[in-house]
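This is model-v3.pdb (PDB, C-alpha atoms, pLDDT in the B column).
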ATOM      1  CA  MET H   5       9.027  28.483  -1.893  1.00 73.00           C
ATOM      2  CA  ALA H   6       7.332  25.270  -2.988  1.00 68.00           C
ATOM      3  CA  ILE H   7       6.855  24.789  -6.706  1.00 61.00           C
ATOM      4  CA  ALA H   8       4.498  21.828  -6.364  1.00 57.00           C
ATOM      5  CA  ARG H   9       1.749  20.658  -4.043  1.00 70.00           C
ATOM      6  CA  TYR H  10      -0.559  17.743  -3.292  1.00 72.00           C
ATOM      7  CA  PRO H  11       1.899  14.889  -3.799  1.00 72.00           C
ATOM      8  CA  SER H  12       0.492  11.445  -4.400  1.00 81.00           C
ATOM      9  CA  PHE H  13       2.076   8.041  -4.573  1.00 88.00           C
ATOM     10  CA  VAL H  14       1.702   5.932  -7.695  1.00 90.00           C
ATOM     11  CA  ILE H  15       2.086   2.186  -7.248  1.00 94.00           C
ATOM     12  CA  ASP H  16       2.694  -0.121 -10.215  1.00 93.00           C
ATOM     13  CA  CYS H  17       0.732  -3.379 -10.087  1.00 95.00           C
ATOM     14  CA  PRO H  18      -0.784  -6.110 -12.264  1.00 95.00           C
ATOM     15  CA  ASP H  19      -4.416  -5.067 -11.573  1.00 95.00           C
ATOM     16  CA  ALA H  20      -4.974  -1.405 -10.662  1.00 96.00           C
ATOM     17  CA  GLY H  21      -8.604  -1.828  -9.642  1.00 96.00           C
ATOM     18  CA  ALA H  22      -7.978  -4.820  -7.404  1.00 96.00           C
ATOM     19  CA  LEU H  23      -5.038  -3.279  -5.553  1.00 97.00           C
ATOM     20  CA  ALA H  24      -6.852   0.051  -5.189  1.00 97.00           C
ATOM     21  CA  GLY H  25      -9.804  -1.859  -3.720  1.00 97.00           C
ATOM     22  CA  PHE H  26      -7.511  -3.491  -1.155  1.00 97.00           C
ATOM     23  CA  TYR H  27      -6.018  -0.166   0.022  1.00 97.00           C
ATOM     24  CA  ALA H  28      -9.377   1.648  -0.145  1.00 98.00           C
ATOM     25  CA  ALA H  29     -10.849  -0.967   2.201  1.00 97.00           C
ATOM     26  CA  LEU H  30      -7.795  -0.826   4.484  1.00 97.00           C
ATOM     27  CA  LEU H  31      -7.977   2.983   4.761  1.00 97.00           C
ATOM     28  CA  GLY H  32     -11.738   3.548   4.342  1.00 97.00           C
ATOM     29  CA  TRP H  33     -11.142   5.715   1.254  1.00 98.00           C
ATOM     30  CA  ASN H  34     -13.105   6.213  -1.977  1.00 98.00           C
ATOM     31  CA  ILE H  35     -12.180   4.755  -5.373  1.00 98.00           C
ATOM     32  CA  LYS H  36     -12.102   6.501  -8.760  1.00 96.00           C
ATOM     33  CA  ALA H  37     -11.183   4.209 -11.657  1.00 95.00           C
ATOM     34  CA  GLU H  38     -10.194   4.771 -15.272  1.00 89.00           C
ATOM     35  CA  ASP H  39      -8.717   2.371 -17.809  1.00 86.00           C
ATOM     36  CA  GLY H  40      -5.534   0.946 -16.225  1.00 85.00           C
ATOM     37  CA  TRP H  41      -5.410   3.703 -13.581  1.00 91.00           C
ATOM     38  CA  THR H  42      -7.227   3.901 -10.260  1.00 97.00           C
ATOM     39  CA  GLU H  43      -7.049   6.469  -7.455  1.00 96.00           C
ATOM     40  CA  ILE H  44      -8.161   6.333  -3.855  1.00 97.00           C
ATOM     41  CA  ARG H  45      -8.835   9.371  -1.659  1.00 96.00           C
ATOM     42  CA  PRO H  46     -10.386  10.110   1.727  1.00 96.00           C
ATOM     43  CA  ASP H  47     -13.750  11.901   1.825  1.00 97.00           C
ATOM     44  CA  ASP H  48     -12.047  15.298   2.177  1.00 95.00           C
ATOM     45  CA  GLY H  49      -9.828  14.651  -0.867  1.00 90.00           C
ATOM     46  CA  SER H  50      -6.736  15.680   1.073  1.00 89.00           C
ATOM     47  CA  ASN H  51      -4.573  12.730   0.017  1.00 91.00           C
ATOM     48  CA  CYS H  52      -4.262  10.427  -2.957  1.00 93.00           C
ATOM     49  CA  ILE H  53      -2.704   7.072  -3.739  1.00 95.00           C
ATOM     50  CA  SER H  54      -2.804   6.012  -7.385  1.00 93.00           C
ATOM     51  CA  PHE H  55      -2.413   2.563  -8.907  1.00 95.00           C
ATOM     52  CA  GLN H  56      -1.070   2.053 -12.410  1.00 93.00           C
ATOM     53  CA  GLN H  57      -1.599  -1.218 -14.246  1.00 92.00           C
ATOM     54  CA  VAL H  58       1.681  -2.564 -15.681  1.00 92.00           C
ATOM     55  CA  ASP H  59       2.121  -5.412 -18.135  1.00 93.00           C
ATOM     56  CA  ASP H  60       4.691  -8.016 -17.092  1.00 93.00           C
ATOM     57  CA  TYR H  61       4.638  -6.731 -13.497  1.00 93.00           C
ATOM     58  CA  ARG H  62       7.188  -8.340 -11.163  1.00 92.00           C
ATOM     59  CA  ALA H  63       6.453  -8.202  -7.450  1.00 92.00           C
ATOM     60  CA  PRO H  64       9.229  -6.983  -5.161  1.00 92.00           C
ATOM     61  CA  GLU H  65      11.028  -9.575  -3.060  1.00 90.00           C
ATOM     62  CA  TRP H  66      11.189  -8.637   0.597  1.00 88.00           C
ATOM     63  CA  PRO H  67      13.430  -8.736   2.562  1.00 90.00           C
ATOM     64  CA  GLY H  68      15.701  -9.732  -0.348  1.00 88.00           C
ATOM     65  CA  GLN H  69      16.815  -7.250  -2.982  1.00 87.00           C
ATOM     66  CA  THR H  70      16.732  -9.384  -6.145  1.00 91.00           C
ATOM     67  CA  VAL H  71      13.660  -7.349  -7.085  1.00 89.00           C
ATOM     68  CA  PRO H  72      13.864  -4.332  -4.688  1.00 87.00           C
ATOM     69  CA  GLN H  73      10.798  -2.977  -2.928  1.00 82.00           C
ATOM     70  CA  GLN H  74      11.649   0.564  -4.175  1.00 81.00           C
ATOM     71  CA  MET H  75       8.999   2.098  -1.877  1.00 82.00           C
ATOM     72  CA  HIS H  76       6.490   1.067   0.753  1.00 87.00           C
ATOM     73  CA  LEU H  77       3.676   2.564   2.802  1.00 90.00           C
ATOM     74  CA  ASP H  78       3.708   2.904   6.589  1.00 90.00           C
ATOM     75  CA  LEU H  79       0.160   3.000   7.942  1.00 93.00           C
ATOM     76  CA  VAL H  80      -0.511   3.900  11.592  1.00 91.00           C
ATOM     77  CA  VAL H  81      -3.082   1.762  13.437  1.00 94.00           C
ATOM     78  CA  ALA H  82      -4.496   2.050  16.959  1.00 93.00           C
ATOM     79  CA  ASP H  83      -3.865  -1.644  17.715  1.00 94.00           C
ATOM     80  CA  LEU H  84      -1.348  -3.836  15.881  1.00 95.00           C
ATOM     81  CA  ASP H  85      -3.197  -7.099  16.583  1.00 96.00           C
ATOM     82  CA  GLU H  86      -6.522  -5.750  15.323  1.00 94.00           C
ATOM     83  CA  GLY H  87      -4.859  -4.086  12.347  1.00 95.00           C
ATOM     84  CA  GLU H  88      -3.181  -7.367  11.450  1.00 96.00           C
ATOM     85  CA  LYS H  89      -6.479  -9.278  11.567  1.00 96.00           C
ATOM     86  CA  GLU H  90      -8.201  -6.751   9.322  1.00 95.00           C
ATOM     87  CA  ALA H  91      -5.326  -6.487   6.834  1.00 96.00           C
ATOM     88  CA  ILE H  92      -5.185 -10.271   6.446  1.00 96.00           C
ATOM     89  CA  LYS H  93      -8.961 -10.452   6.075  1.00 96.00           C
ATOM     90  CA  LEU H  94      -8.667  -7.931   3.208  1.00 96.00           C
ATOM     91  CA  GLY H  95      -6.024 -10.020   1.417  1.00 97.00           C
ATOM     92  CA  ALA H  96      -2.659  -9.057   2.915  1.00 96.00           C
ATOM     93  CA  THR H  97      -0.057 -11.647   3.829  1.00 97.00           C
ATOM     94  CA  LYS H  98       2.112 -11.234   6.924  1.00 98.00           C
ATOM     95  CA  ALA H  99       5.784 -11.323   5.944  1.00 97.00           C
ATOM     96  CA  ASP H 100       7.923 -14.097   7.415  1.00 96.00           C
ATOM     97  CA  THR H 101      10.578 -11.579   8.472  1.00 95.00           C
ATOM     98  CA  GLN H 102       9.476  -9.154  11.209  1.00 96.00           C
ATOM     99  CA  PRO H 103      12.416  -6.866  12.077  1.00 92.00           C
ATOM    100  CA  GLY H 104      10.731  -4.657  14.699  1.00 90.00           C
ATOM    101  CA  THR H 105       8.297  -4.578  17.597  1.00 93.00           C
ATOM    102  CA  THR H 106       6.424  -1.310  16.956  1.00 94.00           C
ATOM    103  CA  PHE H 107       5.465  -2.253  13.395  1.00 93.00           C
ATOM    104  CA  ARG H 108       4.563  -5.316  11.360  1.00 95.00           C
ATOM    105  CA  VAL H 109       5.461  -5.983   7.741  1.00 95.00           C
ATOM    106  CA  PHE H 110       2.858  -7.312   5.294  1.00 94.00           C
ATOM    107  CA  LEU H 111       2.641  -7.903   1.565  1.00 95.00           C
ATOM    108  CA  ASP H 112      -0.332  -6.468  -0.301  1.00 96.00           C
ATOM    109  CA  PRO H 113      -2.164  -8.640  -2.863  1.00 96.00           C
ATOM    110  CA  ALA H 114       0.332  -7.592  -5.582  1.00 94.00           C
ATOM    111  CA  GLY H 115       3.357  -8.381  -3.383  1.00 94.00           C
ATOM    112  CA  HIS H 116       4.337  -4.829  -2.311  1.00 94.00           C
ATOM    113  CA  PRO H 117       5.589  -4.629   1.282  1.00 93.00           C
ATOM    114  CA  PHE H 118       3.735  -2.271   3.624  1.00 92.00           C
ATOM    115  CA  CYS H 119       3.873  -1.777   7.374  1.00 94.00           C
ATOM    116  CA  LEU H 120       1.249  -1.352  10.034  1.00 93.00           C
ATOM    117  CA  CYS H 121       2.788   0.841  12.739  1.00 94.00           C
ATOM    118  CA  SER H 122       1.821   1.593  16.314  1.00 90.00           C
ATOM    119  CA  ASP H 123       3.268   5.117  16.138  1.00 77.00           C
TER     120      ASP H 123
END

Do you think you could lay out the structure here as structure tokens?
Amino acid sequence: MAIARYPSFVIDCPDAGALAGFYAALLGWNIKAEDGWTEIRPDDGSNCISFQQVDDYRAPEWPGQTVPQQMHLDLVVADLDEGEKEAIKLGATKADTQPGTTFRVFLDPAGHPFCLCSD
């Protein structure tokens, strides 16, 4: 029997509002902001990603492990080329290392790796 429900991811970053805005635009979700903490959710409220502002934030280094990525998001898109164009327009950077063909690795504006996936 589950003892918890409605998990959400919390991502540390240097500017919670800015990074939440990036992912809200990427996913088409709504933003709710408080001091140093911002959440995004779809219209039905079924999911949540939270962003926590951290002093002295250090971005992960990918693919290296000097500062490990610790976690990343995989986001499914209908078309990788179109998804790439939109993600870059929103502020993502395509990573130099691309280890697969059914997904593409990007860095969000705070340097966290995330993937756009075809399945």

For range 84-106 of chain H against range 60-72 of chain H, with a cut-off of 12 Å and counting all atoms listed in the file, what is the closest atom pair and its distance in Å to one decimal for every residue that makes the cut, ordered by chain and number, as JSON lines?
{"residue": "H:Lys98", "atom": "CA", "partner": "H:Trp66", "partner_atom": "CA", "distance": 11.4}
{"residue": "H:Ala99", "atom": "CA", "partner": "H:Trp66", "partner_atom": "CA", "distance": 8.1}
{"residue": "H:Asp100", "atom": "CA", "partner": "H:Pro67", "partner_atom": "CA", "distance": 9.1}
{"residue": "H:Thr101", "atom": "CA", "partner": "H:Pro67", "partner_atom": "CA", "distance": 7.2}
{"residue": "H:Gln102", "atom": "CA", "partner": "H:Pro67", "partner_atom": "CA", "distance": 9.5}
{"residue": "H:Pro103", "atom": "CA", "partner": "H:Pro67", "partner_atom": "CA", "distance": 9.7}

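Proximity ranking of H:Ala82, H:Ala114, H:Ile92, H:Cys121 relative to Leu23 in chain H places H:Ala114 first, based on all atoms listed in the file.
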
- [ ] Would you please work out which residue, of H:Leu77, H:Gly40, H:Glu88, H:Asp123, is nearest to Cys17 in chain H when using all atoms listed in the file?
- [x]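 Selected residue with least distance to Cys17 in chain H: H:Gly40.
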
Open item on the list: Rounded to one decimal, what separation in Å do you get between CA of Val109 in chain H and CA of Ala22 in chain H?
Closed with: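 For CA of Val109 in chain H relative to CA of Ala22 in chain H, the distance reads 20.3 Å.
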
TODO: Starting from the displayed file, determine the output of the PyMOL selection byres ((chain H and resi 94) around 8) and express the residue list as JSON, numbers by chain.
DONE: {"H": [26, 29, 30, 90, 91, 92, 93, 95, 96]}

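Picture a line from CA of Thr106 in chain H to CA of Cys52 in chain H; it runs 25.5 Å.
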
- [ ] Name the closest residue to Val80 in chain H among the candidates H:Ser122, H:Ser50, H:Gln57, H:Thr42; distances are taken between atoms, counting all atoms listed in the file.
- [x]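 Looking at the shortest contact to Val80 in chain H, the residue is H:Ser122.
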
Open item on the list: Just to confirm, what's the straight-line distance from CA of Ala20 in chain H to CA of Leu79 in chain H in Å (one decimal)?
Closed with: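 One can read the CA of Ala20 in chain H to CA of Leu79 in chain H distance as 19.8 Å.
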